[in-house]
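The structure appears below as structure tokens.
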Amino acid sequence: MLWNQSGVESEISKGQAWKWILHLEHEIEINLIFKNLKQKIVNENLVLANLQIDQQCSSDDFLNIALASFIEPVIYDEFMPVARIIFTHTETDLIFN
């Protein structure tokens, strides 16, 4: 989830958290996803919250790639309300643009 706790207006309204559920076809896509994610966090002064990586039908290297690609603080709060849920697939959608 990306959370706008800064109070500055952006694509994500002040105080809201949006959740992205991404389906990746190839493990290498995780690097691009996290690169775009980091840029969005910086540009819009957002906070990453409740990052969860579910590994289904992929090699054991996937989680290692993901962990090495994104080394940033993450806030975990099981009670954070989600204002919007976005499902996306990397073959058909642009991620975080």
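Residues in the structure tokens are named by chain (A, B, ... in the order shown) and by number from 1 within that chain; ligands are numbered from 1 in the order shown.
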Could you pull out the alpha helix (DSSP H) residues of stretch 18-60 of chain A from DSSP and send them as a PDB file with C-alpha atoms, in the first residue's frame?
ATOM      1  CA  GLU A  29       9.891  -7.480 -13.427  1.00  0.00           C
ATOM      2  CA  ILE A  30      10.238  -6.969  -9.670  1.00  0.00           C
ATOM      3  CA  ASN A  31      13.261  -4.711 -10.201  1.00  0.00           C
ATOM      4  CA  LEU A  32      11.265  -2.391 -12.479  1.00  0.00           C
ATOM      5  CA  ILE A  33       8.299  -2.437 -10.107  1.00  0.00           C
ATOM      6  CA  PHE A  34      10.422  -1.391  -7.132  1.00  0.00           C
ATOM      7  CA  LYS A  35      12.318   1.229  -9.140  1.00  0.00           C
ATOM      8  CA  ASN A  36       9.012   2.858 -10.140  1.00  0.00           C
ATOM      9  CA  LEU A  37       7.682   2.450  -6.610  1.00  0.00           C
ATOM     10  CA  LYS A  38      10.687   4.208  -5.058  1.00  0.00           C
ATOM     11  CA  GLN A  39      10.330   7.104  -7.519  1.00  0.00           C
ATOM     12  CA  LYS A  40       6.607   7.494  -6.765  1.00  0.00           C
ATOM     13  CA  ILE A  41       7.270   7.471  -3.009  1.00  0.00           C
ATOM     14  CA  VAL A  42       9.869  10.244  -3.365  1.00  0.00           C
ATOM     15  CA  ASN A  43       7.950  12.357  -5.909  1.00  0.00           C
ATOM     16  CA  GLU A  44       4.661  12.321  -3.991  1.00  0.00           C
TER      17      GLU A  44
END
Practice task
Find the residues near stretch 75-77 of chain A: any atom within 8 Å, counting only C-alpha atoms, skip ones fewer than 5 places away on the same chain, and give them as a PyMOL selection string.
Solution key: chain A and resi 47-51
Practice task
Find the residues near A:Ile86: any atom within 9 Å, counting only C-alpha atoms, skip ones fewer than 6 places away on the same chain, and give them as number ranges by chain.
Solution key: A: 18-22
Handout entry: Distance query A:Asn4 at most 7 Å, only C-alpha atoms, self and fewer than 3 positions along chain excluded, as a PyMOL selection string
Key = chain A and resi 7+12-17+46-47
Deliver the residues from the most recent selection as a file, using N, CA, C and O atoms, as a tab-separated table (two decimals), in the first residue's frame.
chain	number	residue	atom	x	y	z
A	7	GLY	N	-0.04	14.97	4.10
A	7	GLY	CA	-0.97	16.10	4.06
A	7	GLY	C	-0.86	16.89	2.77
A	7	GLY	O	-1.58	17.86	2.56
A	12	ILE	N	-2.88	10.19	-4.69
A	12	ILE	CA	-3.51	9.60	-3.52
A	12	ILE	C	-3.88	10.73	-2.57
A	12	ILE	O	-3.04	11.50	-2.14
A	13	SER	N	-5.16	10.84	-2.27
A	13	SER	CA	-5.65	11.95	-1.44
A	13	SER	C	-5.03	11.94	-0.06
A	13	SER	O	-4.63	10.88	0.46
A	14	LYS	N	-4.97	13.12	0.55
A	14	LYS	CA	-4.40	13.26	1.90
A	14	LYS	C	-5.04	12.28	2.86
A	14	LYS	O	-6.26	12.16	2.92
A	15	GLY	N	-4.20	11.57	3.61
A	15	GLY	CA	-4.67	10.64	4.62
A	15	GLY	C	-5.11	9.28	4.12
A	15	GLY	O	-5.39	8.40	4.91
A	16	GLN	N	-5.18	9.10	2.81
A	16	GLN	CA	-5.64	7.82	2.27
A	16	GLN	C	-4.50	6.86	2.00
A	16	GLN	O	-3.36	7.26	1.78
A	17	ALA	N	-4.84	5.58	1.99
A	17	ALA	CA	-3.91	4.52	1.60
A	17	ALA	C	-4.54	3.75	0.44
A	17	ALA	O	-5.71	3.39	0.49
A	46	LEU	N	5.17	9.87	-0.24
A	46	LEU	CA	4.30	8.81	0.26
A	46	LEU	C	5.07	7.88	1.19
A	46	LEU	O	6.30	7.94	1.27
A	47	VAL	N	4.34	7.01	1.87
A	47	VAL	CA	4.92	6.02	2.77
A	47	VAL	C	4.47	4.64	2.29
A	47	VAL	O	3.29	4.44	1.97
Completion exercise
Pairwise distance, atom CA of A:Gln52 with atom CA of A:Gln5, equals 19.8 Å
Practice task
Could you jot down the atom CA of A:His23 to atom CA of A:Pro81 separation for me, Å, one decimal place?
Solution key: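 Between these atoms lies a distance of 22.3 Å.
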Exercise for the section: Could you check how far atom CA of A:Ile65 sits from atom CA of A:Thr88, in Å to one decimal? Expected result: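 Separating atom CA of A:Ile65 from atom CA of A:Thr88 is a distance of 20.1 Å.
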